[in-house]
>>> print(open('run08.cif').read())   # mmCIF, C-alpha atoms and all ligand atoms
data_protein
loop_
_atom_site.label_atom_id
_atom_site.label_comp_id
_atom_site.auth_asym_id
_atom_site.auth_seq_id
_atom_site.Cartn_x
_atom_site.Cartn_y
_atom_site.Cartn_z
CA MET E 1 82.86 104.00 99.12
CA VAL E 2 80.22 105.71 101.19
CA LEU E 3 78.65 102.37 101.87
CA LEU E 4 81.75 100.88 103.48
CA PHE E 5 81.78 103.53 106.16
CA ARG E 6 78.16 104.42 106.55
CA PRO E 7 76.04 101.48 105.39
CA HIS E 8 72.92 102.86 107.05
CA LEU E 9 72.79 105.53 104.34
CA ALA E 10 71.73 102.88 101.85
CA ILE E 11 68.66 101.85 103.83
CA PRO E 12 65.49 103.45 102.45
CA GLN E 13 62.73 104.67 104.73
CA THR E 14 60.08 103.24 102.44
CA THR E 15 60.16 100.47 99.86
CA VAL E 16 57.53 100.15 97.14
CA GLY E 17 57.03 97.74 94.26
CA ARG E 18 55.73 100.36 91.86
CA LEU E 19 55.22 104.10 91.66
CA ALA E 20 51.48 103.76 92.12
CA ASP E 21 52.15 102.40 95.64
CA ILE E 22 53.73 105.66 96.82
CA ASP E 23 51.45 107.48 99.23
CA VAL E 24 51.85 110.97 97.79
CA ALA E 25 49.05 112.48 99.88
CA GLY E 26 50.52 110.91 103.00
CA LEU E 27 53.96 112.31 102.25
CA ALA E 28 52.54 115.78 101.74
CA ALA E 29 50.45 115.50 104.91
CA SER E 30 53.54 114.51 106.89
CA GLY E 31 55.46 117.59 105.83
CA VAL E 32 57.15 116.72 102.55
CA THR E 33 57.23 119.88 100.42
CA GLY E 34 58.88 118.61 97.27
CA ILE E 35 60.05 115.46 95.49
CA LEU E 36 62.95 114.38 93.33
CA VAL E 37 62.22 111.50 91.01
CA ASP E 38 64.92 109.42 89.36
CA TYR E 39 64.36 108.64 85.69
CA ASP E 40 66.14 105.47 84.51
CA ASP E 41 64.35 102.40 85.82
CA THR E 42 62.16 104.61 87.97
CA LEU E 43 60.00 106.47 85.46
CA ALA E 44 61.21 104.63 82.36
CA SER E 45 62.89 101.37 81.44
CA SER E 46 66.62 101.76 80.84
CA LYS E 47 66.36 98.92 78.35
CA ASN E 48 63.99 100.50 75.84
CA GLY E 49 63.43 104.01 77.18
CA GLU E 50 59.69 103.51 77.49
CA LEU E 51 57.81 105.02 80.39
CA PHE E 52 56.40 102.56 82.90
CA ALA E 53 52.63 102.16 82.86
CA ASP E 54 52.04 104.24 86.01
CA SER E 55 54.67 106.93 85.37
CA GLY E 56 52.30 109.42 83.75
CA ASP E 57 49.77 109.24 86.58
CA PHE E 58 52.49 109.40 89.22
CA ALA E 59 54.15 112.43 87.65
CA ALA E 60 50.80 114.19 87.30
CA LEU E 61 49.98 113.50 90.94
CA CYS E 62 53.36 114.84 92.05
CA VAL E 63 52.89 118.01 90.00
CA ARG E 64 49.36 118.50 91.37
CA THR E 65 50.70 118.03 94.89
CA TRP E 66 53.99 119.92 94.77
CA GLY E 67 53.87 122.02 91.58
CA ASP E 68 57.31 123.03 90.40
CA ARG E 69 58.79 121.43 93.52
CA ALA E 70 58.34 118.06 91.80
CA CYS E 71 61.41 117.44 89.63
CA VAL E 72 63.15 114.69 87.76
CA PHE E 73 66.69 114.18 89.05
CA SER E 74 68.49 111.77 86.77
CA ASP E 75 72.08 110.74 86.13
CA THR E 76 71.42 110.78 82.40
CA ALA E 77 68.67 113.27 81.54
CA GLY E 78 69.82 116.85 82.07
CA THR E 79 73.51 115.91 82.45
CA HIS E 80 76.54 116.00 80.16
CA ARG E 81 75.41 112.60 78.90
CA ASP E 82 72.24 114.16 77.53
CA THR E 83 73.23 115.88 74.29
CA ASP E 84 71.47 119.25 73.97
CA ASN E 85 69.28 118.18 76.90
CA ARG E 86 67.16 116.24 74.45
CA LEU E 87 66.01 113.68 76.98
CA ALA E 88 65.37 116.37 79.58
CA HIS E 89 63.13 118.25 77.14
CA SER E 90 61.37 115.07 76.16
CA ILE E 91 60.65 114.24 79.81
CA GLU E 92 59.31 117.74 80.40
CA GLN E 93 57.00 117.41 77.41
CA ARG E 94 55.76 113.92 78.24
CA LEU E 95 55.52 114.17 82.02
CA GLY E 96 55.21 117.89 82.71
CA MET E 97 57.98 117.73 85.32
CA THR E 98 61.07 119.91 85.28
CA THR E 99 64.29 117.95 84.84
CA LEU E 100 67.15 119.32 86.92
CA ARG E 101 70.22 120.20 84.89
CA HIS E 102 73.35 119.12 86.70
CA ARG E 103 76.90 117.88 86.29
CA ARG E 104 77.67 115.53 89.14
CA ASP E 105 76.15 112.09 89.57
CA LYS E 106 74.28 110.99 92.66
CA PRO E 107 75.17 110.59 95.48
CA ALA E 108 76.96 113.88 94.65
CA GLY E 109 75.00 116.64 92.92
CA ILE E 110 73.36 118.43 95.82
CA GLU E 111 74.33 121.77 94.24
CA ALA E 112 71.66 121.29 91.58
CA VAL E 113 69.08 120.75 94.29
CA TYR E 114 70.16 123.90 96.14
CA GLU E 115 69.98 125.86 92.88
CA ARG E 116 66.43 124.75 92.38
CA PHE E 117 65.08 124.69 95.94
CA GLY E 118 67.38 127.10 97.73
CA ARG E 119 70.02 126.49 100.39
CA GLN E 120 67.35 125.43 102.84
CA PRO E 121 65.32 123.23 100.54
CA GLY E 122 62.75 122.15 103.13
CA GLN E 123 61.69 118.55 103.57
CA LEU E 124 62.23 116.83 100.24
CA ALA E 125 61.61 113.22 99.28
CA ILE E 126 63.48 111.22 96.67
CA VAL E 127 62.29 108.16 94.83
CA GLY E 128 64.59 105.91 92.84
CA ASP E 129 65.50 102.35 91.97
CA ARG E 130 69.11 102.49 93.20
CA LEU E 131 70.20 102.19 96.80
CA LEU E 132 73.77 103.34 96.27
CA THR E 133 72.86 106.46 94.34
CA ASP E 134 69.28 107.61 94.93
CA VAL E 135 68.84 106.36 98.48
CA VAL E 136 72.36 107.21 99.70
CA PHE E 137 71.94 110.69 98.23
CA GLY E 138 68.60 111.20 99.91
CA ASN E 139 69.71 109.93 103.31
CA ARG E 140 72.88 111.95 103.18
CA TYR E 141 70.90 115.18 102.98
CA GLY E 142 67.99 114.27 105.23
CA PHE E 143 65.41 113.61 102.52
CA ARG E 144 62.67 111.03 102.82
CA THR E 145 63.94 108.07 100.82
CA ILE E 146 61.70 105.81 98.79
CA TRP E 147 63.18 102.79 97.06
CA LEU E 148 61.41 101.46 94.01
CA ARG E 149 62.16 97.77 94.24
CA HIS E 150 61.09 96.13 90.99
CA ALA E 151 59.84 92.57 91.05
CA GLU E 152 62.91 91.57 89.06
CA PRO E 153 66.34 93.21 89.30
CA VAL E 154 66.88 95.85 86.60
CA GLY E 155 70.16 97.38 85.52
CA ALA E 156 73.74 96.39 86.25
CA PHE E 157 73.87 96.92 90.01
CA SER E 158 70.41 95.97 91.06
CA GLY E 159 71.21 92.38 92.01
CA LEU E 160 74.19 93.37 94.15
CA GLU E 161 72.21 96.06 95.92
CA ARG E 162 69.49 93.59 96.77
CA LEU E 163 72.05 91.34 98.42
CA LEU E 164 73.39 94.24 100.47
CA PHE E 165 69.94 95.35 101.44
CA ALA E 166 68.97 91.84 102.50
CA ARG E 167 71.99 91.69 104.81
CA LYS E 168 71.32 95.05 106.42
CA THR E 169 67.71 94.50 107.36
MG MG E 201 67.63 104.78 88.22
#
>>> encode(input="run08.cif", output="structure tokens")
Amino acid sequence: MVLLFRPHLAIPQTTVGRLADIDVAGLAASGVTGILVDYDDTLASSKNGELFADSGDFAALCVRTWGDRACVFSDTAGTHRDTDNRLAHSIEQRLGMTTLRHRRDKPAGIEAVYERFGRQPGQLAIVGDRLLTDVVFGNRYGFRTIWLRHAEPVGAFSGLERLLFARKT
């Protein structure tokens, strides 16, 4: 519903084709002090659960740059859908990034961010594959928003979002 009233919230500041194209050093130099990274179809395929080829390097770069202010923020891992936080633990082992534990899906869920980063979280960035969740969430709270636009649509809503995005720009 957010989109009907405030469509600009779904427009990302930056669009990339893969994680390796994100200018992490540039973000840090321009004042970004932390990053939230979506998991499904951002770090790993939602089809088979496998990490994308550049996910390990990207996560390592984020952790080198921002330390424990680089976190995974997923609507599956670390939520009620993640039994015993199994996926969250697995991400932490494989990628070395903390996975935020939270209850409400993006674009809600800011409480989990405040718990982790404090009420004044500083300039955060968010990267994700979904305009209506990741990007709307980020824009709503003044984060830098980076949309990972895969070469082919992935997931149920990706095609629709592309149509919306094409009309807004
Ligand atoms: Mg996703």
>>> residues_near_ligand(input="run08.cif", ligand="ligand MG 201 (chain E)", cutoff="12 Å", atoms="only C-alpha atoms and all ligand atoms", output="JSON list (two decimals) with C-alpha atoms, in the coordinates of the input")
[["chain", "number", "residue", "atom", "x", "y", "z"],
["E", 36, "LEU", "CA", 62.95, 114.38, 93.33],
["E", 37, "VAL", "CA", 62.22, 111.50, 91.01],
["E", 38, "ASP", "CA", 64.92, 109.42, 89.36],
["E", 39, "TYR", "CA", 64.36, 108.64, 85.69],
["E", 40, "ASP", "CA", 66.14, 105.47, 84.51],
["E", 41, "ASP", "CA", 64.35, 102.40, 85.82],
["E", 42, "THR", "CA", 62.16, 104.61, 87.97],
["E", 43, "LEU", "CA", 60.00, 106.47, 85.46],
["E", 44, "ALA", "CA", 61.21, 104.63, 82.36],
["E", 45, "SER", "CA", 62.89, 101.37, 81.44],
["E", 46, "SER", "CA", 66.62, 101.76, 80.84],
["E", 47, "LYS", "CA", 66.36, 98.92, 78.35],
["E", 49, "GLY", "CA", 63.43, 104.01, 77.18],
["E", 72, "VAL", "CA", 63.15, 114.69, 87.76],
["E", 73, "PHE", "CA", 66.69, 114.18, 89.05],
["E", 74, "SER", "CA", 68.49, 111.77, 86.77],
["E", 75, "ASP", "CA", 72.08, 110.74, 86.13],
["E", 76, "THR", "CA", 71.42, 110.78, 82.40],
["E", 77, "ALA", "CA", 68.67, 113.27, 81.54],
["E", 105, "ASP", "CA", 76.15, 112.09, 89.57],
["E", 106, "LYS", "CA", 74.28, 110.99, 92.66],
["E", 107, "PRO", "CA", 75.17, 110.59, 95.48],
["E", 126, "ILE", "CA", 63.48, 111.22, 96.67],
["E", 127, "VAL", "CA", 62.29, 108.16, 94.83],
["E", 128, "GLY", "CA", 64.59, 105.91, 92.84],
["E", 129, "ASP", "CA", 65.50, 102.35, 91.97],
["E", 130, "ARG", "CA", 69.11, 102.49, 93.20],
["E", 131, "LEU", "CA", 70.20, 102.19, 96.80],
["E", 132, "LEU", "CA", 73.77, 103.34, 96.27],
["E", 133, "THR", "CA", 72.86, 106.46, 94.34],
["E", 134, "ASP", "CA", 69.28, 107.61, 94.93],
["E", 135, "VAL", "CA", 68.84, 106.36, 98.48],
["E", 147, "TRP", "CA", 63.18, 102.79, 97.06],
["E", 148, "LEU", "CA", 61.41, 101.46, 94.01],
["E", 149, "ARG", "CA", 62.16, 97.77, 94.24],
["E", 150, "HIS", "CA", 61.09, 96.13, 90.99],
["E", 153, "PRO", "CA", 66.34, 93.21, 89.30],
["E", 154, "VAL", "CA", 66.88, 95.85, 86.60],
["E", 155, "GLY", "CA", 70.16, 97.38, 85.52],
["E", 156, "ALA", "CA", 73.74, 96.39, 86.25],
["E", 157, "PHE", "CA", 73.87, 96.92, 90.01],
["E", 158, "SER", "CA", 70.41, 95.97, 91.06]]
>>> residues_around(input="run08.cif", residues="segment 13-16 of chain E", least_positions_apart="2", cutoff="8 Å", atoms="all atoms listed in the file", output="ChimeraX atom specification")
/E:11,18-19,21-22,144-149
>>> atom_distance(input="run08.cif", atom1="atom CA of Leu61 of chain E", atom2="atom CA of Thr33 of chain E")
13.5 Å
>>> closest_residue(input="run08.cif", among="E:Asn139, E:Ser55, E:Gln123, E:Thr99", to="Ser30 of chain E", atoms="only C-alpha atoms")
E:Gln123
>>> residues_near_point(input="run08.cif", point="(59.0, 123.3, 90.5)", cutoff="10 Å", atoms="only C-alpha atoms", output="list in words")
Gly34, Ile35, Val63, Trp66, Gly67, Asp68, Arg69, Ala70, Cys71, Val72, Met97, Thr98, Thr99, Leu100, Arg116 and Phe117 of chain E
>>> atom_distance(input="run08.cif", atom1="atom CA of Gly159 of chain E", atom2="atom CA of Arg103 of chain E")
26.7 Å
>>> closest_residue(input="run08.cif", among="E:Val24, E:Ala59, E:Ala112, E:Ala166", to="Gln93 of chain E", atoms="all atoms listed in the file")
E:Ala59
>>> atom_distance(input="run08.cif", atom1="atom CA of Arg64 of chain E", atom2="atom CA of Gly26 of chain E")
13.9 Å
>>> decode(input="run08.cif", residues="segment 133-154 of chain E", atoms="N, CA and C atoms", output="PDB file, in the first residue's frame")
ATOM      1  N   THR E 133      10.112  -4.022  -0.763  1.00  0.00           N
ATOM      2  CA  THR E 133      10.474  -4.331   0.620  1.00  0.00           C
ATOM      3  C   THR E 133      11.798  -3.641   0.956  1.00  0.00           C
ATOM      4  N   ASP E 134      12.885  -4.092   0.361  1.00  0.00           N
ATOM      5  CA  ASP E 134      14.208  -3.572   0.718  1.00  0.00           C
ATOM      6  C   ASP E 134      14.342  -2.076   0.444  1.00  0.00           C
ATOM      7  N   VAL E 135      13.961  -1.675  -0.754  1.00  0.00           N
ATOM      8  CA  VAL E 135      14.179  -0.281  -1.159  1.00  0.00           C
ATOM      9  C   VAL E 135      13.187   0.651  -0.457  1.00  0.00           C
ATOM     10  N   VAL E 136      11.914   0.251  -0.381  1.00  0.00           N
ATOM     11  CA  VAL E 136      10.943   1.077   0.339  1.00  0.00           C
ATOM     12  C   VAL E 136      11.368   1.238   1.794  1.00  0.00           C
ATOM     13  N   PHE E 137      11.796   0.154   2.397  1.00  0.00           N
ATOM     14  CA  PHE E 137      12.263   0.208   3.788  1.00  0.00           C
ATOM     15  C   PHE E 137      13.413   1.205   3.927  1.00  0.00           C
ATOM     16  N   GLY E 138      14.390   1.076   3.074  1.00  0.00           N
ATOM     17  CA  GLY E 138      15.560   1.944   3.170  1.00  0.00           C
ATOM     18  C   GLY E 138      15.207   3.409   2.965  1.00  0.00           C
ATOM     19  N   ASN E 139      14.400   3.691   1.956  1.00  0.00           N
ATOM     20  CA  ASN E 139      14.041   5.087   1.681  1.00  0.00           C
ATOM     21  C   ASN E 139      13.185   5.680   2.801  1.00  0.00           C
ATOM     22  N   ARG E 140      12.354   4.838   3.352  1.00  0.00           N
ATOM     23  CA  ARG E 140      11.472   5.305   4.421  1.00  0.00           C
ATOM     24  C   ARG E 140      12.277   5.847   5.606  1.00  0.00           C
ATOM     25  N   TYR E 141      13.426   5.256   5.860  1.00  0.00           N
ATOM     26  CA  TYR E 141      14.202   5.645   7.043  1.00  0.00           C
ATOM     27  C   TYR E 141      15.481   6.392   6.685  1.00  0.00           C
ATOM     28  N   GLY E 142      15.573   6.836   5.441  1.00  0.00           N
ATOM     29  CA  GLY E 142      16.697   7.695   5.076  1.00  0.00           C
ATOM     30  C   GLY E 142      18.000   6.957   4.844  1.00  0.00           C
ATOM     31  N   PHE E 143      17.922   5.660   4.544  1.00  0.00           N
ATOM     32  CA  PHE E 143      19.138   4.912   4.238  1.00  0.00           C
ATOM     33  C   PHE E 143      19.521   5.125   2.777  1.00  0.00           C
ATOM     34  N   ARG E 144      20.768   4.862   2.452  1.00  0.00           N
ATOM     35  CA  ARG E 144      21.143   4.764   1.041  1.00  0.00           C
ATOM     36  C   ARG E 144      20.556   3.451   0.521  1.00  0.00           C
ATOM     37  N   THR E 145      19.931   3.504  -0.634  1.00  0.00           N
ATOM     38  CA  THR E 145      19.263   2.304  -1.133  1.00  0.00           C
ATOM     39  C   THR E 145      19.926   1.802  -2.413  1.00  0.00           C
ATOM     40  N   ILE E 146      20.277   0.542  -2.388  1.00  0.00           N
ATOM     41  CA  ILE E 146      20.945  -0.088  -3.522  1.00  0.00           C
ATOM     42  C   ILE E 146      20.102  -1.280  -3.962  1.00  0.00           C
ATOM     43  N   TRP E 147      19.664  -1.222  -5.196  1.00  0.00           N
ATOM     44  CA  TRP E 147      18.831  -2.297  -5.747  1.00  0.00           C
ATOM     45  C   TRP E 147      19.706  -3.237  -6.563  1.00  0.00           C
ATOM     46  N   LEU E 148      19.666  -4.507  -6.194  1.00  0.00           N
ATOM     47  CA  LEU E 148      20.339  -5.532  -6.973  1.00  0.00           C
ATOM     48  C   LEU E 148      19.360  -6.028  -8.031  1.00  0.00           C
ATOM     49  N   ARG E 149      19.590  -5.560  -9.251  1.00  0.00           N
ATOM     50  CA  ARG E 149      18.691  -5.919 -10.344  1.00  0.00           C
ATOM     51  C   ARG E 149      19.341  -7.032 -11.148  1.00  0.00           C
ATOM     52  N   HIS E 150      18.865  -8.259 -10.933  1.00  0.00           N
ATOM     53  CA  HIS E 150      19.446  -9.398 -11.640  1.00  0.00           C
ATOM     54  C   HIS E 150      19.148  -9.306 -13.136  1.00  0.00           C
ATOM     55  N   ALA E 151      19.965  -9.953 -13.909  1.00  0.00           N
ATOM     56  CA  ALA E 151      19.771  -9.940 -15.362  1.00  0.00           C
ATOM     57  C   ALA E 151      18.392 -10.480 -15.729  1.00  0.00           C
ATOM     58  N   GLU E 152      17.960 -11.502 -15.021  1.00  0.00           N
ATOM     59  CA  GLU E 152      16.629 -12.060 -15.226  1.00  0.00           C
ATOM     60  C   GLU E 152      15.827 -11.875 -13.941  1.00  0.00           C
ATOM     61  N   PRO E 153      14.509 -11.659 -14.060  1.00  0.00           N
ATOM     62  CA  PRO E 153      13.709 -11.542 -12.835  1.00  0.00           C
ATOM     63  C   PRO E 153      13.834 -12.796 -11.969  1.00  0.00           C
ATOM     64  N   VAL E 154      13.909 -12.620 -10.669  1.00  0.00           N
ATOM     65  CA  VAL E 154      13.943 -13.759  -9.747  1.00  0.00           C
ATOM     66  C   VAL E 154      12.834 -13.566  -8.715  1.00  0.00           C
TER      67      VAL E 154
END
